[in-house]
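Q: My questions all concern the structure below.
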Amino acid sequence: MTGRAVVSVAAALATLAMGCSSEGSSSSSVRLGDTELVSAGALRVHWTHTGAAAALTVRRMTGLDAVPMSEPQCARDLAGRRPVYLDVNWRAVERGAVVPSAAISMSAHGSALTVVEPDGRCRPVENYRLEVLPGRAQRVLQLVGAEDPDLVLREIVVIVDGKRAALPLIPVCGTSGQPKSLSCTIDPVSYVGGAPFSADLQV
């Protein structure tokens with residue numbers, strides 16, 4: 001997690017259609033401790049009236065790797081569907097800069113995501129308030145959802161202060177390394193302008 005302070009750790013989601021395990025047997029993954037990275041995307045958020053900028057990265061994982069205790073109830077109440085897991089990181093683009101307060105919503109396949117708070121409670125990510133983030137700090141959320149058996153999760157929809165962006169989730173490169181085309185992701189994922197896994201949002 002670099003040297004930045006962690007403002008809020010662990011928050012998971014569950015009403016959507018994001019995925020934790022690999023998308024079928026053809027998907028590769030990279031093991032990170034007890035979980036594996038499956039796919040990832042990086043969104044850069046720009047506030048045009050202040051010049052502030054935030055980096056939002058999303059990593060699809062095979063399991064929860066920060067939420068303590070047992071799996072939260074919202075990850076079990078999925079009507080027989082497989083749970084999906086994502087790590088979300090929110091921080092300033094410029095080291096030491098302050099990130100403004102923002103209301104964020106996240107969804108996949110038309111279903112809202114749900115945040116699992118550090119105490120295990122679950123809340124939908126609908127106008128979820130991210131408070132002002134001081135310099136050199138970051139916020140880490142963990143997400144959980146329900147996988148759609150008929151659809152492959154290729155993107156999530158992110159809304160920040162009413163502005164919408166589609167964030168691609170690009171499969172991990174595995175052991176082959178990242179090609180010059182940047183057609184797959186490596187960990188840690190970082191925004192690269194024009195890369196398939198990167199997107200921009202003006203607020």
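A note on labels: chains of the structure tokens are A, B, ... as shown, every chain counts residues from 1, and ligands are counted from 1 in their shown order.
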Excluding Ser183 (chain A) and any residue of its chain fewer than 4 positions from it, enumerate the residues within 9 Å of it, using only C-alpha atoms, and give them as a list of chain:residue names.
A: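 Once the adjacent positions are removed, what remains is A:Ile170, A:Pro171, A:Cys173, A:Gln178, A:Pro179, A:Ala195, A:Pro196, A:Phe197.
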Q: Give me the residues within 9 Å of region 127-136 of chain A as a short mmCIF file (atom, residue, chain, number, x, y, z; two decimals) with C-alpha atoms, in the first residue's frame, counting only C-alpha atoms and dropping any in the same chain fewer than 4 places off.
A:
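Here's the written file around-v1.cif:
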```cif
data_model
loop_
_atom_site.label_atom_id
_atom_site.label_comp_id
_atom_site.auth_asym_id
_atom_site.auth_seq_id
_atom_site.Cartn_x
_atom_site.Cartn_y
_atom_site.Cartn_z
CA GLY A 3 3.56 5.01 2.38
CA ARG A 4 0.23 6.78 2.37
CA ALA A 5 -1.97 6.67 5.45
CA VAL A 7 -8.11 6.59 6.02
CA TRP A 90 -9.22 6.31 -3.84
CA ARG A 91 -6.38 8.81 -3.52
CA ALA A 92 -4.97 12.05 -4.89
CA GLU A 94 -0.54 14.54 -6.95
CA ARG A 95 1.36 13.36 -3.90
CA GLY A 96 0.33 15.45 -0.89
CA ALA A 97 -2.71 17.04 -2.60
CA VAL A 98 -6.16 17.12 -1.01
CA VAL A 99 -9.07 15.25 -2.65
CA PRO A 100 -12.46 17.03 -2.34
CA SER A 101 -15.48 15.38 -0.77
CA ALA A 102 -17.46 13.43 -3.38
CA ALA A 103 -20.64 11.37 -3.73
CA ILE A 104 -19.93 8.14 -5.60
CA SER A 105 -22.14 5.43 -7.07
CA MET A 106 -20.94 2.17 -8.60
CA VAL A 115 -20.17 -1.51 0.35
CA ARG A 123 -24.54 -0.46 2.23
CA ILE A 159 -20.73 8.11 -11.06
CA VAL A 160 -18.93 10.89 -9.19
CA ASP A 161 -20.96 13.96 -8.19
CA GLY A 162 -23.50 13.17 -10.90
#
```
Q: What separation in Å, quoted to one decimal, exists between CA of His46 (chain A) and CA of Arg164 (chain A)?
A: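 Spanning CA of His46 (chain A) to CA of Arg164 (chain A) is a straight-line distance of 12.3 Å.
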